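*Asks:* Below is final-v3.txt; it holds compact mmCIF, C-alpha atoms.
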```
# COMPACT_ATOMS: atom_id res chain seq x y z
CA MET A 1 41.98 24.35 -31.56
CA SER A 2 42.78 23.20 -27.99
CA LEU A 3 46.28 22.06 -27.06
CA GLU A 4 44.87 19.62 -24.50
CA HIS A 5 46.33 16.11 -24.84
CA ARG A 6 48.61 17.28 -27.66
CA THR A 7 52.40 16.95 -27.81
CA VAL A 8 54.39 20.09 -28.58
CA ALA A 9 58.07 19.65 -29.45
CA LEU A 10 59.94 22.78 -28.34
CA VAL A 11 63.41 23.38 -29.77
CA GLU A 12 64.76 26.38 -27.86
CA ASP A 13 68.15 26.95 -26.22
CA ASP A 14 67.22 30.03 -24.17
CA ALA A 15 66.55 28.74 -20.63
CA ILE A 16 64.30 31.60 -19.55
CA MET A 17 62.17 31.60 -22.69
CA GLY A 18 62.08 27.80 -22.76
CA GLU A 19 60.90 27.49 -19.16
CA SER A 20 58.27 30.17 -19.73
CA LEU A 21 56.95 28.43 -22.84
CA VAL A 22 56.92 25.00 -21.16
CA GLU A 23 55.01 26.34 -18.17
CA ARG A 24 52.35 28.04 -20.30
CA LEU A 25 51.95 25.12 -22.72
CA VAL A 26 51.53 22.68 -19.84
CA LEU A 27 48.88 24.96 -18.34
CA GLU A 28 47.07 24.73 -21.69
CA GLY A 29 47.03 20.95 -21.31
CA ALA A 30 49.87 20.10 -23.68
CA ARG A 31 52.65 17.59 -23.19
CA VAL A 32 55.93 19.37 -23.93
CA VAL A 33 59.16 17.75 -25.11
CA TRP A 34 61.89 20.40 -24.71
CA MET A 35 65.07 20.12 -26.78
CA ARG A 36 67.86 22.66 -26.49
CA SER A 37 70.04 22.01 -29.57
CA VAL A 38 70.03 20.71 -33.12
CA ALA A 39 71.78 17.51 -31.99
CA GLU A 40 69.18 16.86 -29.29
CA ALA A 41 66.38 17.53 -31.78
CA PHE A 42 67.86 15.01 -34.22
CA ALA A 43 67.99 12.41 -31.42
CA ARG A 44 64.60 12.97 -29.77
CA LEU A 45 62.24 14.49 -32.32
CA PRO A 46 61.63 11.40 -34.51
CA GLY A 47 60.30 9.32 -31.62
CA CYS A 48 58.54 11.85 -29.42
CA GLY A 49 55.16 11.77 -31.21
CA ALA A 50 55.02 15.54 -31.74
CA ASP A 51 51.80 16.99 -33.09
CA VAL A 52 53.50 20.32 -33.79
CA VAL A 53 57.08 21.65 -33.54
CA LEU A 54 57.89 25.09 -32.14
CA CYS A 55 61.49 25.78 -33.17
CA ASP A 56 63.92 28.67 -32.76
CA ILE A 57 65.86 29.50 -35.92
CA ARG A 58 69.21 30.14 -34.23
CA LEU A 59 70.53 27.35 -31.99
CA PRO A 60 73.97 26.88 -30.40
CA ASP A 61 75.06 24.09 -32.77
CA GLY A 62 73.23 25.03 -35.96
CA LEU A 63 69.97 26.31 -37.34
CA GLY A 64 66.36 25.36 -36.90
CA GLU A 65 66.39 25.10 -40.68
CA ASP A 66 68.64 22.03 -40.32
CA VAL A 67 66.08 20.39 -38.04
CA PHE A 68 63.22 21.18 -40.41
CA GLU A 69 65.00 19.86 -43.50
CA THR A 70 66.01 16.60 -41.84
CA VAL A 71 62.52 15.89 -40.48
CA ALA A 72 60.84 17.00 -43.71
CA GLU A 73 62.80 14.35 -45.62
CA THR A 74 60.80 11.63 -43.85
CA GLY A 75 57.62 12.76 -45.57
CA ALA A 76 55.77 12.59 -42.24
CA ALA A 77 56.93 15.81 -40.61
CA PRO A 78 54.61 17.47 -38.09
CA PRO A 79 53.78 21.15 -38.72
CA PHE A 80 56.70 23.51 -37.95
CA LEU A 81 56.25 26.97 -36.44
CA PHE A 82 59.48 28.99 -36.17
CA ILE A 83 60.51 31.55 -33.57
CA THR A 84 62.59 34.24 -35.23
CA ALA A 85 64.23 37.58 -34.56
CA HIS A 86 63.58 40.52 -36.92
CA ALA A 87 66.94 39.92 -38.63
CA ASP A 88 65.87 36.36 -39.62
CA ILE A 89 62.43 37.12 -41.07
CA ASP A 90 63.65 36.58 -44.64
CA GLN A 91 64.91 33.14 -43.66
CA ALA A 92 61.61 32.30 -41.99
CA VAL A 93 59.69 33.33 -45.11
CA ARG A 94 61.98 31.15 -47.20
CA LEU A 95 61.28 28.21 -44.90
CA MET A 96 57.55 28.75 -45.31
CA ARG A 97 57.97 28.54 -49.08
CA ARG A 98 59.64 25.16 -48.49
CA GLY A 99 56.83 23.79 -46.37
CA ALA A 100 57.09 25.28 -42.87
CA LEU A 101 53.72 26.33 -41.56
CA ASP A 102 54.30 29.73 -39.94
CA TYR A 103 56.63 31.91 -37.86
CA VAL A 104 56.37 34.33 -34.95
CA THR A 105 58.71 37.25 -34.36
CA LYS A 106 60.38 37.99 -31.02
CA PRO A 107 59.06 39.47 -28.83
CA PHE A 108 55.69 37.81 -29.32
CA ALA A 109 52.44 37.77 -27.35
CA LEU A 110 51.74 34.35 -25.85
CA PRO A 111 48.02 34.39 -26.80
CA ASP A 112 49.01 34.92 -30.43
CA LEU A 113 51.53 32.06 -30.27
CA LEU A 114 48.97 29.73 -28.68
CA ALA A 115 46.40 30.62 -31.33
CA ARG A 116 48.85 29.85 -34.13
CA LEU A 117 49.84 26.54 -32.52
CA GLY A 118 46.18 25.61 -32.23
CA GLN A 119 45.60 26.40 -35.89
CA ALA A 120 48.59 24.24 -36.84
CA LEU A 121 47.28 21.08 -35.20
CA PRO A 122 45.73 18.39 -37.38
CA PRO A 123 42.37 17.15 -36.00
CA LEU A 124 42.49 14.09 -33.76
CA LEU A 125 40.32 11.11 -34.51
CA GLU A 126 37.04 11.19 -32.66
CA PRO A 127 36.63 8.28 -30.21
CA GLY A 128 34.02 6.68 -32.46
CA GLU A 129 36.48 6.63 -35.36
CA ALA A 130 39.29 4.98 -33.40
CA THR A 131 40.27 1.39 -34.14
CA LEU A 132 43.45 1.12 -32.03
CA GLY A 133 42.35 2.82 -28.81
CA VAL A 134 40.52 5.81 -27.37
CA SER A 135 43.37 7.33 -25.35
CA PRO A 136 44.91 10.57 -26.67
CA GLU A 137 48.17 8.69 -27.30
CA MET A 138 46.56 6.05 -29.50
CA ARG A 139 44.27 8.49 -31.31
CA ARG A 140 47.37 10.57 -32.06
CA LEU A 141 49.23 7.46 -33.25
CA GLU A 142 46.34 6.36 -35.45
CA THR A 143 46.12 9.83 -36.97
CA LEU A 144 49.84 9.61 -37.79
CA LEU A 145 49.49 6.08 -39.18
CA ARG A 146 46.76 7.27 -41.53
CA ARG A 147 48.91 10.23 -42.55
CA VAL A 148 51.91 8.07 -43.53
CA ALA A 149 49.94 5.09 -44.87
CA GLY A 150 50.07 6.33 -48.44
CA LEU A 151 53.81 7.00 -48.42
CA PRO A 152 56.11 4.42 -50.05
CA MET A 153 59.16 4.70 -47.76
CA PRO A 154 60.05 2.15 -45.06
CA ALA A 155 58.54 2.52 -41.60
CA LEU A 156 59.79 1.33 -38.22
CA LEU A 157 57.39 0.47 -35.39
CA VAL A 158 58.93 0.43 -31.92
CA GLY A 159 57.41 -0.68 -28.64
CA GLU A 160 57.40 -3.32 -25.94
CA THR A 161 56.37 -6.89 -26.61
CA GLY A 162 52.61 -7.21 -26.92
CA VAL A 163 51.73 -3.54 -27.56
CA GLY A 164 50.28 -4.28 -31.00
CA LYS A 165 53.04 -3.56 -33.50
CA GLU A 166 51.63 -5.96 -36.09
CA VAL A 167 48.15 -4.47 -35.65
CA CYS A 168 49.65 -1.05 -36.41
CA ALA A 169 51.50 -2.47 -39.42
CA ARG A 170 48.23 -3.87 -40.74
CA THR A 171 46.62 -0.46 -40.19
CA LEU A 172 49.35 1.07 -42.37
CA HIS A 173 48.59 -1.54 -45.01
CA GLU A 174 44.80 -1.21 -44.88
CA ARG A 175 44.92 2.59 -45.08
CA GLY A 176 47.49 2.69 -47.86
CA ARG A 177 47.32 2.46 -51.61
CA ALA A 178 48.18 -1.26 -51.52
CA ALA A 179 45.30 -2.22 -49.22
CA LYS A 180 44.10 -4.97 -51.57
CA ARG A 181 47.64 -6.27 -52.12
CA PRO A 182 49.37 -8.98 -50.02
CA PHE A 183 50.50 -8.41 -46.44
CA MET A 184 53.33 -10.80 -45.58
CA ALA A 185 54.34 -10.95 -41.91
CA VAL A 186 57.66 -12.51 -40.85
CA ASN A 187 58.81 -12.98 -37.26
CA CYS A 188 62.58 -12.74 -37.48
CA ALA A 189 62.98 -14.20 -33.98
CA ALA A 190 60.88 -17.29 -34.69
CA ILE A 191 62.70 -18.62 -37.78
CA PRO A 192 66.11 -20.31 -37.30
CA ALA A 193 68.99 -18.30 -38.77
CA ASP A 194 69.97 -21.10 -41.19
CA LEU A 195 66.45 -21.11 -42.67
CA MET A 196 65.77 -17.39 -42.64
CA GLU A 197 67.45 -16.54 -45.96
CA SER A 198 65.45 -19.18 -47.81
CA GLU A 199 62.22 -18.12 -46.11
CA LEU A 200 62.79 -14.45 -46.83
CA PHE A 201 64.21 -14.60 -50.38
CA GLY A 202 63.17 -18.09 -51.55
CA HIS A 203 65.36 -20.74 -53.15
CA GLU A 204 65.81 -22.60 -56.41
CA LYS A 205 65.38 -26.34 -56.85
CA GLY A 206 68.55 -28.12 -55.79
CA ALA A 207 70.00 -25.07 -54.00
CA PHE A 208 70.70 -27.26 -50.95
CA THR A 209 69.87 -30.70 -49.61
CA GLY A 210 66.12 -31.02 -49.37
CA ALA A 211 65.35 -28.24 -51.88
CA ALA A 212 63.18 -30.46 -54.07
CA ALA A 213 61.39 -27.58 -55.79
CA ARG A 214 61.57 -23.83 -56.27
CA HIS A 215 60.35 -21.91 -53.22
CA HIS A 216 59.01 -18.36 -53.36
CA GLY A 217 60.08 -16.38 -50.31
CA TYR A 218 58.21 -13.70 -48.39
CA ALA A 219 59.83 -10.87 -50.37
CA GLU A 220 58.52 -12.35 -53.61
CA ARG A 221 55.08 -13.26 -52.26
CA ALA A 222 54.60 -9.73 -50.91
CA LYS A 223 54.44 -8.54 -54.54
CA ASP A 224 53.47 -4.84 -54.45
CA GLY A 225 51.91 -5.01 -50.99
CA VAL A 226 53.66 -4.89 -47.61
CA LEU A 227 56.52 -6.98 -46.24
CA PHE A 228 56.39 -6.80 -42.44
CA LEU A 229 59.52 -7.91 -40.58
CA ASP A 230 58.78 -8.25 -36.89
CA GLU A 231 61.62 -8.32 -34.31
CA ILE A 232 64.05 -7.03 -36.92
CA GLY A 233 66.70 -6.62 -34.20
CA ASP A 234 67.12 -10.42 -34.08
CA LEU A 235 68.07 -10.72 -37.75
CA ASP A 236 71.49 -12.27 -38.36
CA LEU A 237 74.22 -9.81 -39.45
CA ARG A 238 74.83 -11.70 -42.70
CA LEU A 239 71.17 -11.42 -43.60
CA GLN A 240 71.15 -7.76 -42.63
CA ALA A 241 73.57 -7.13 -45.53
CA LYS A 242 71.19 -8.87 -47.93
CA LEU A 243 68.23 -6.96 -46.53
CA LEU A 244 70.13 -3.71 -47.07
CA ARG A 245 70.42 -4.56 -50.75
CA LEU A 246 66.70 -5.29 -50.85
CA VAL A 247 65.98 -1.83 -49.40
CA GLU A 248 68.55 0.14 -51.41
CA GLU A 249 68.40 -1.55 -54.79
CA LYS A 250 64.86 -2.94 -54.63
CA THR A 251 66.16 -6.28 -55.88
CA PHE A 252 67.03 -9.73 -54.49
CA GLN A 253 68.05 -13.22 -55.59
CA ARG A 254 66.69 -16.57 -54.52
CA VAL A 255 69.15 -18.86 -52.74
CA GLY A 256 70.98 -20.81 -55.43
CA GLY A 257 69.59 -18.58 -58.17
CA GLU A 258 71.28 -16.20 -60.61
CA ALA A 259 68.29 -14.14 -61.74
CA THR A 260 67.87 -10.74 -60.10
CA LEU A 261 64.25 -10.23 -59.09
CA PRO A 262 62.50 -6.91 -58.41
CA PHE A 263 61.17 -6.04 -54.96
CA ALA A 264 58.04 -3.89 -55.22
CA ALA A 265 56.58 -4.09 -51.71
CA ARG A 266 56.70 -1.50 -48.94
CA LEU A 267 58.98 -2.57 -46.08
CA VAL A 268 57.62 -2.16 -42.54
CA CYS A 269 59.80 -3.32 -39.63
CA ALA A 270 59.15 -3.63 -35.91
CA THR A 271 61.30 -4.09 -32.82
CA ASN A 272 61.04 -4.23 -29.05
CA VAL A 273 64.75 -3.50 -28.54
CA ASP A 274 66.86 -0.36 -28.79
CA LEU A 275 68.30 -0.66 -32.29
CA GLY A 276 70.55 2.34 -31.69
CA ALA A 277 72.19 0.48 -28.79
CA ARG A 278 72.59 -2.62 -30.97
CA VAL A 279 74.29 -0.50 -33.62
CA ARG A 280 76.75 0.73 -30.99
CA ASP A 281 77.34 -2.86 -29.84
CA GLY A 282 78.03 -4.00 -33.40
CA ARG A 283 74.99 -6.29 -33.50
CA PHE A 284 73.02 -4.26 -36.04
CA ARG A 285 74.26 -2.55 -39.20
CA GLU A 286 74.24 1.21 -38.95
CA ASP A 287 73.50 1.69 -42.67
CA LEU A 288 70.51 -0.66 -42.46
CA TYR A 289 69.27 1.08 -39.32
CA TYR A 290 69.11 4.44 -41.07
CA ARG A 291 67.44 2.91 -44.11
CA ILE A 292 64.57 1.24 -42.23
CA ASN A 293 63.70 4.02 -39.77
CA VAL A 294 62.84 6.72 -42.28
CA VAL A 295 59.50 6.99 -40.46
CA THR A 296 59.59 5.85 -36.81
CA LEU A 297 56.34 5.28 -34.92
CA GLU A 298 56.43 4.55 -31.18
CA ILE A 299 53.57 2.51 -29.69
CA PRO A 300 53.19 3.28 -25.99
CA PRO A 301 52.77 0.44 -23.46
CA LEU A 302 49.30 -0.20 -22.08
CA ARG A 303 50.23 1.08 -18.59
CA ARG A 304 50.74 4.54 -20.13
CA ARG A 305 47.29 4.61 -21.73
CA ARG A 306 44.91 3.20 -19.17
CA GLU A 307 41.87 4.73 -20.87
CA ASP A 308 42.29 2.01 -23.48
CA VAL A 309 42.00 -0.91 -21.03
CA PRO A 310 38.17 -1.04 -20.64
CA TRP A 311 37.66 -0.13 -24.30
CA LEU A 312 39.94 -2.94 -25.48
CA ALA A 313 38.51 -5.40 -22.94
CA ARG A 314 34.97 -4.81 -24.19
CA ALA A 315 36.11 -5.07 -27.82
CA PHE A 316 37.85 -8.40 -27.12
CA PHE A 317 34.81 -9.63 -25.17
CA ASP A 318 32.47 -8.83 -28.08
CA ARG A 319 34.82 -10.49 -30.56
CA PHE A 320 35.23 -13.72 -28.60
CA VAL A 321 31.52 -14.00 -27.84
CA ALA A 322 30.79 -13.51 -31.55
CA ASP A 323 33.39 -16.19 -32.41
CA SER A 324 31.69 -18.54 -29.93
CA ALA A 325 28.35 -17.94 -31.63
CA THR A 326 29.78 -19.17 -34.94
CA HIS A 327 30.77 -22.41 -33.21
CA ASP A 328 27.33 -22.85 -31.59
CA ASP A 329 28.77 -22.41 -28.09
CA ALA A 330 25.52 -21.60 -26.29
CA ARG A 331 27.23 -21.11 -22.91
CA ALA A 332 29.56 -18.34 -24.16
CA THR A 333 26.80 -16.55 -26.06
CA ARG A 334 24.79 -16.27 -22.81
CA LEU A 335 27.48 -14.07 -21.28
CA GLU A 336 26.19 -10.60 -20.40
CA GLY A 337 29.44 -8.67 -20.22
CA LEU A 338 32.23 -7.55 -17.89
CA HIS A 339 31.23 -7.10 -14.25
CA PRO A 340 32.06 -3.58 -12.89
CA LEU A 341 34.47 -5.17 -10.39
CA ALA A 342 36.18 -6.93 -13.29
CA LEU A 343 36.71 -3.55 -14.93
CA GLU A 344 38.16 -2.24 -11.66
CA ALA A 345 40.56 -5.18 -11.50
CA LEU A 346 41.61 -4.54 -15.10
CA ALA A 347 42.23 -0.86 -14.31
CA ALA A 348 44.42 -1.77 -11.32
CA HIS A 349 46.64 -4.23 -13.21
CA ASP A 350 50.04 -3.05 -14.53
CA TRP A 351 49.88 -5.07 -17.80
CA PRO A 352 53.49 -6.26 -18.19
CA GLY A 353 52.34 -8.23 -21.24
CA ASN A 354 50.50 -5.22 -22.69
CA VAL A 355 47.58 -5.69 -25.10
CA ARG A 356 48.49 -9.30 -25.82
CA GLU A 357 48.10 -10.15 -22.13
CA LEU A 358 44.75 -8.34 -21.98
CA ARG A 359 43.53 -10.20 -25.04
CA ASN A 360 44.58 -13.57 -23.63
CA ARG A 361 42.96 -12.91 -20.25
CA VAL A 362 39.64 -11.91 -21.84
CA GLU A 363 39.71 -14.87 -24.23
CA ARG A 364 40.29 -17.29 -21.35
CA ALA A 365 37.57 -15.63 -19.27
CA VAL A 366 35.01 -15.92 -22.08
CA ALA A 367 35.87 -19.58 -22.54
CA LEU A 368 35.77 -20.56 -18.85
CA ALA A 369 33.45 -18.10 -17.08
CA SER A 370 31.04 -19.88 -14.76
CA GLY A 371 28.36 -17.17 -14.62
CA PRO A 372 26.71 -14.66 -16.94
CA TRP A 373 29.21 -11.92 -16.05
CA ILE A 374 33.00 -11.91 -16.41
CA THR A 375 34.35 -11.45 -12.87
CA PRO A 376 37.78 -10.55 -11.47
CA GLY A 377 38.46 -14.21 -10.73
CA ASP A 378 37.78 -15.13 -14.37
CA LEU A 379 40.38 -12.61 -15.51
CA PHE A 380 42.97 -13.20 -12.77
CA PRO A 381 42.55 -16.79 -11.60
CA GLU A 382 46.05 -16.78 -10.09
CA ARG A 383 44.91 -14.37 -7.37
CA LYS A 384 42.81 -15.09 -4.29
CA TRP A 385 39.36 -13.52 -4.44
CA ALA A 386 36.39 -13.56 -2.11
CA ARG A 387 33.59 -15.57 -3.69
CA GLY A 388 29.89 -14.86 -4.17
CA GLU A 389 27.09 -17.33 -3.42
CA THR A 390 27.41 -19.00 -6.81
CA GLY A 391 31.18 -19.22 -6.61
CA GLU A 392 32.00 -16.17 -8.72
CA ALA A 393 34.90 -13.96 -7.60
CA LEU A 394 33.45 -10.54 -6.80
CA ILE A 395 35.52 -8.89 -4.08
CA ALA A 396 39.01 -7.62 -4.85
CA PRO A 397 41.77 -7.93 -2.21
CA LEU A 398 42.44 -4.74 -0.24
CA ASP A 399 45.95 -4.28 -1.64
CA ILE A 400 44.56 -4.08 -5.20
CA VAL A 401 41.78 -1.69 -4.18
CA ARG A 402 44.21 0.47 -2.20
CA GLU A 403 46.70 0.75 -5.07
CA ASP A 404 43.96 1.58 -7.55
CA ALA A 405 42.53 4.27 -5.26
CA GLU A 406 45.98 5.79 -4.70
CA ARG A 407 46.74 5.84 -8.41
CA ARG A 408 43.46 7.53 -9.29
CA GLN A 409 43.78 10.15 -6.53
CA ILE A 410 47.38 11.01 -7.45
CA ILE A 411 46.52 11.36 -11.13
CA ARG A 412 43.57 13.60 -10.22
CA ALA A 413 45.76 15.73 -7.92
CA LEU A 414 48.38 16.17 -10.65
CA GLU A 415 45.72 17.22 -13.14
CA VAL A 416 44.07 19.71 -10.77
CA ALA A 417 47.19 21.13 -9.09
CA GLY A 418 49.27 21.27 -12.27
CA GLY A 419 52.55 20.00 -10.83
CA VAL A 420 54.20 17.47 -8.53
CA GLY A 421 54.88 19.93 -5.67
CA PRO A 422 51.37 21.44 -5.49
CA ALA A 423 49.81 17.98 -5.88
CA ALA A 424 51.91 16.62 -2.99
CA SER A 425 50.78 19.54 -0.80
CA ALA A 426 47.14 18.93 -1.71
CA LEU A 427 47.49 15.26 -0.79
CA GLY A 428 49.24 16.06 2.48
CA ILE A 429 52.49 14.22 1.67
CA SER A 430 56.08 15.29 1.00
CA ARG A 431 57.51 15.69 -2.51
CA THR A 432 59.83 12.72 -1.81
CA THR A 433 56.90 10.49 -0.89
CA MET A 434 55.00 11.78 -3.91
CA TRP A 435 57.83 10.90 -6.30
CA GLU A 436 58.20 7.45 -4.72
CA LYS A 437 54.49 6.70 -5.09
CA MET A 438 54.53 7.93 -8.69
CA ARG A 439 57.51 5.67 -9.43
CA ARG A 440 55.87 2.64 -7.78
CA LEU A 441 52.52 3.20 -9.44
CA GLN A 442 54.15 4.11 -12.78
CA ILE A 443 52.52 7.55 -13.03
CA ALA A 444 54.25 9.96 -15.39
CA ALA A 445 54.95 13.51 -14.28
CA PRO A 446 52.83 16.07 -16.13
CA GLY A 447 54.24 18.50 -18.65
CA ALA A 448 57.85 18.58 -19.82
CA SER A 449 59.72 15.39 -20.53
```
Can the structure from this file be put into structure tokens for me?
*Replies:*
Amino acid sequence: MSLEHRTVALVEDDAIMGESLVERLVLEGARVVWMRSVAEAFARLPGCGADVVLCDIRLPDGLGEDVFETVAETGAAPPFLFITAHADIDQAVRLMRRGALDYVTKPFALPDLLARLGQALPPLLEPGEATLGVSPEMRRLETLLRRVAGLPMPALLVGETGVGKEVCARTLHERGRAAKRPFMAVNCAAIPADLMESELFGHEKGAFTGAAARHHGYAERAKDGVLFLDEIGDLDLRLQAKLLRLVEEKTFQRVGGEATLPFAARLVCATNVDLGARVRDGRFREDLYYRINVVTLEIPPLRRRREDVPWLARAFFDRFVADSATHDDARATRLEGLHPLALEALAAHDWPGNVRELRNRVERAVALASGPWITPGDLFPERKWARGETGEALIAPLDIVREDAERRQIIRALEVAGGVGPAASALGISRTTMWEKMRRLQIAAPGAS
């Protein structure tokens, strides 16, 4: 199976071997995340989205076995392939009995290693199967979501505001064993701290002024489904202690109540902040942090998966036109689609608000479009556009066209040349200028990260 668009996590301390492996894997089309120690693997492996792990057995601060055991405890470990010396073959065989996929013995032939890595990869979703996006990153994420959907342990979704964390949480729910059970979503940032405990755990009649009747909280109403806590990083420290009990003991009490009630739902949390940094700042409990991120899933921002922009835009367009049809909105149902220049304008935008911004722009355009086609001016009314005879905005400003053309040409040069230096030479610019343009246009360097 091809390594193209796949992420290989390489845990190898030998600089010469590591550089050689990274170079060859990148040539095969893989994205490589290179870690040089057990400690670095513990820190980076859970969130790097690895499709397969290539791991040396002997590392400067421990063993590859330690990495494997820790990741395997999550229940969502990617396939592990170990690099071993002849003296460690017995250990490698033992690891295979415990769930590792395979091992290769030094010195090894690169074609053999590549073949074994290819065999280790789980199949990606085909574009027609995808529900979250068609980019390699989102197909990989959706494959992982489906893999962990049936597991009972907590999951943590991380990503910028608007990337679709709740959509991913609902995917976990719909693909899991509790698909027909309740899905209760709570935005921890939207509920005042003095009301959050009652909303989350419920309260008894008379528990406080205004408590005229018993109230069932989200934890109770979730039953044996999913309790989704969005923006978990904004939860008050006092409530974090109560949530820890919910996770560890699977029980809770209503405010003002004495009865201990069982908690049977799966807990899924989401955040757009660095919880590790909040732990270090004393704003988030370390014990709770380690309990909720048993499985961590990172959702990339829209600017890092531009293949999804037209796909999502068309999906939103179809949805909003269909919604208009149910309300007998004849004007909206006469819309033909997204004008090619509108798609170009979407491709050139940086999407600071991510998928939520895209959704809102398409929804507004469908509601207010003046012609049969959605135009750039319908999507970006705050910009100045040249107008067609009927008033529709059809011509993009030169700065937008120029940036879009530069971005596409740089990405193409990186793909063809295989590196920043060769791509800069092909484009006739210096490496410094190349790096500056990549930074400004938010283009990631190929290969190792």
*Asks:* Mind checking which residues fall within 9 Å of Val52 of chain A, counting all atoms listed in the file, ignoring those fewer than 3 positions away in the same chain, and posting them as a ChimeraX atom specification?
*Replies:* /A:6-10,77-81,117,120-122
*Asks:* Quick one: residues within 8 Å of Ala270 of chain A, all atoms listed in the file counted, chain neighbours fewer than 3 positions away excluded, as a ChimeraX atom specification?
*Replies:* /A:156-158,165-166,228-232
*Asks:* Considering all atoms listed in the file, state which residue in the set A:Tyr289, A:Glu40, A:Trp435, A:Arg147 is at the smallest distance from Ala241 of chain A.
*Replies:*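 Closest residue, counting all atoms listed in the file: A:Tyr289.
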*Asks:* Between A:Pro310, A:Asp287, A:Trp34, A:Gly118, which has the minimum distance to Leu358 of chain A (counting all atoms listed in the file)?
*Replies:*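 Closest to Leu358 of chain A, using all atoms listed in the file: A:Pro310.
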*Asks:* Could you give me, as JSON lines, a per-residue list for segment 223-267 of chain A showing, wherever an atom lies at most 8 Å from an atom of segment 291-306 of chain A, the closest pair of atoms and their distance in Å to one decimal, using all atoms listed in the file and sorting by chain then residue number from low to high?
*Replies:*
```
{"residue": "A:Leu244", "atom": "CA", "partner": "A:Arg291", "partner_atom": "CA", "distance": 7.7}
{"residue": "A:Val247", "atom": "CA", "partner": "A:Arg291", "partner_atom": "CA", "distance": 7.3}
{"residue": "A:Glu248", "atom": "CA", "partner": "A:Arg291", "partner_atom": "CA", "distance": 7.9}
{"residue": "A:Leu267", "atom": "CA", "partner": "A:Ile292", "partner_atom": "CA", "distance": 7.8}
```
*Asks:* Store the residues of this selection in a file with C-alpha atoms, as a PDB file, keeping the file's coordinate frame.
*Replies:*
```
ATOM      1  CA  LEU A 244      70.130  -3.710 -47.070  1.00  0.00           C
ATOM      2  CA  VAL A 247      65.980  -1.830 -49.400  1.00  0.00           C
ATOM      3  CA  GLU A 248      68.550   0.140 -51.410  1.00  0.00           C
ATOM      4  CA  LEU A 267      58.980  -2.570 -46.080  1.00  0.00           C
TER       5      LEU A 267
END
```
*Asks:* Set the distance at 12 Å and use all atoms listed in the file: which residues neighbour Val38 of chain A once local chain neighbours fewer than 4 positions away are removed? I'd like the list as a ChimeraX atom specification.
*Replies:* /A:10-13,34,42-45,55-71
*Asks:* Just how far from atom CA of Gly164 of chain A is atom CA of Asn272 of chain A, in Å to one decimal?
*Replies:*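 A separation of 10.9 Å between them.
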